[in-house]
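Engineer: So that we are looking at the same thing, I have put the structure below in structure tokens.
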Amino acid sequence: MSNTFHALAAFARLGWRETASDRFGLLARVILYSLPVLIYSAIWQATPLAGSGVSAEEATWYVMATEAIIFAPGYVFREVEEDIRTGAIEAALTRPVDYALARIAEETGGTLLRLAVLGTYGGVLAWFATGMVPFAWSALPAVWTAAGFGALLALLVQVAIGFLTVWVGNPAPAYWIWQKLVFVLGGLFLPLTLYPAWLADIGRLTPCAAILFHPASLVFDASPAAIVHVLSWQVLWLAAAAVLVAAVAGAATRRLVREGI
Amino acid sequence: MSEVAIVVENLAKSFRTRSAGGLKGLFARSATTEVAAVRGISFQIRPGERVAFIGPNGAGKSTTLKMLTGILTPSSGHAEVAGFVPWIERQKLAQRIGILFGQRSQLWYRLPVRDSLRLIARIYGLDRDRAEARLSKLASTLAIGDLVERPVAQLSLGQRLRCEIAAALMHAPPILLLDEPTIGLDVSAKASLRDHLIELSTEEGTTILLTSHDTGDIERICERALVIDKGLLLLDRPLAALRAQHLRHRLVTLMTEEERPALDLPGVAVAAHEPHRTSFAVDLDLIQVERVVATALERFSVKDLAIENPPLDDVIRDIYRRGEAIVRQEVAA
């Protein structure tokens, strides 16, 4: 058990280092990330969300947070898909550490580094754009934790989607559907509080909101009660996603071992 | 380890393939056909043996190797590798085997080789001191000391493959399974890799089971060959016996004063000729090499001569050609 933990920690460190070594990839992501943050910030300065209870400054911080979370995991499902299509998973399956766990650990390392870079950069950008920080500094660790949980949840679902390769060959369509659901029901550009009540209610209950809306909503309210509420929802969905990944990865591996690649 | 490193008994694997494809395949229930990739093969390998698993494309080599690593479940039959049933105890077996798939990398492309090797050591539960000691030993044996600090992306194929072997051997496994280990390498890189493998196997008593289309790998590394075709084990022989049994001719090359020497002996034919240098194919069923050489020395002014075996390629081609006839012969024997 302890050996597995050390091995997974080593995978995470390696993922972090590999992401850090891809400086061009990180830079491109930062540039791409800047665009929606700056564009939406400009839109809300020009057309304030009057009467919505959300200020233009808060909305800018909100998009900074949701975009950082959505950009952080990258396209993890592609990595799993490629491992299956190229047969690289076969070599991984002959190791004493479970492939899915190792892949998640490695991608978590990379995801956390990207989140740290984008979150820090986005925070500075949002601060320059709005001249304010919407929460107390003491809430910062909780905000980072919630953002990390959101990115991790997105990563887990992507890993499950990647394993669909075993059955469907190309998991991209499944990912597109999932991605659009996250954008809409997670409130990528607008907080769910601005949605029609019935849609906001549905959205709040989905894992999409646990990825984006719940952690990003801490820019409106980072009180201890709000933090506990957000983290509880996220832990619940993380547990569900872990069960989903275990089930899909287990079924996929059994099929691979039975029928080959 | 026990007396046997690998035991395989009547191992068989069939795959189901679906025939319907395209739009029709989305709606219609497609017909499935069963394709037998491996058809009940049996063999044993002793600890420390270096065995080649030879066969043409689609013969069942890789399927067998996958079953022996536990990443493929057989349709029937039994196998034990290092005392474990691979497809049932895959993760336990992982500690006892090293695997190299020549076309697939176990190393992280952008990172220095050392980072990948350290991670692999960690996966196998080696602590830092043991990992560094092992790495330093492998670096010296495989001559990768100056490569380990470089990112994998900057290595040539030959350098990368030496590092891949180090990755497969980090946990000092008693059994090494190699699938086309020298594929894509140039002549000198192949020779160097083969030498390193022999050295490691001799030093550590590592059992090697190797699949390759390159007879050079087989001749240089292995002492025994398993020949498989269409899922059947055609032959299981020491390499020397394989040659003796299946090579019924030799090549005698004479360098003579005479421009075109002629040998009118039964079973002797000119195989190649250039002025003052002639190669004769000698059929051992009809005449002994000694007699051919004696006659040549008697009749011509011989400056030099060479007696060669035809390449192993010819032996293997002959075995494939005779295929199932050999199996029937073996069963009868």
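Please note that chains go A, B, ... in the order of the structure tokens, that every chain numbers its residues from 1, and that ligands are numbered from 1 in the order shown.
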What parts of region 149-277 of chain B does DSSP call strand (DSSP E)? I'd like the answer as a ChimeraX atom specification.
Structural biologist: /B:175-179,207-211,224-229,232-238,249-256,268-274,277
Engineer: Show me, as a tab-separated table, the residues of chain B having an atom within 7 Å of chain A, each with the closest atom pair and its distance in Å, using only C-alpha atoms.
Structural biologist:
```
residue	atom	partner	partner_atom	distance
B:Phe15	CA	A:Glu259	CA	6.5
B:Thr69	CA	A:Thr94	CA	6.6
B:Ile71	CA	A:Val257	CA	5.1
B:Leu72	CA	A:Val257	CA	4.3
B:Thr73	CA	A:Arg258	CA	5.3
B:Arg90	CA	A:Thr94	CA	6.8
B:Gln91	CA	A:Pro96	CA	4.6
B:Lys92	CA	A:Pro96	CA	6.8
B:Ala94	CA	A:Arg95	CA	5.4
B:Gln95	CA	A:Pro96	CA	6.8
B:Arg104	CA	A:Ala88	CA	6.3
B:Arg110	CA	A:Glu18	CA	6.4
B:Leu111	CA	A:Glu18	CA	6.2
B:Leu119	CA	A:Ala10	CA	6.0
B:Arg122	CA	A:Ala7	CA	5.4
B:Ile123	CA	A:Ala7	CA	4.9
B:Tyr124	CA	A:Pro96	CA	6.8
B:Gly125	CA	A:Asn3	CA	5.9
```
Engineer: What's around region 74-78 of chain A at 9 Å? Count only C-alpha atoms, leave out sequence neighbours fewer than 4 positions away in its own chain, and write the answer as a ChimeraX atom specification.
Structural biologist: /A:70,82-83,104,107,111,114,155-163,171-172,175
Engineer: Using DSSP on the backbone, list every residue of region 225-322 of chain B that comes out as helix (DSSP H, G or I), and give them as number ranges by chain.
Structural biologist: B: 239-246, 289-299, 312-322
Engineer: Give me, as a ChimeraX atom specification, all polymer residues having an atom no more than 7 Å from Thr60 (chain A), counting only C-alpha atoms and skipping those fewer than 2 positions away in the same chain.
Structural biologist: /A:37,40-41,56-58,62-64,126
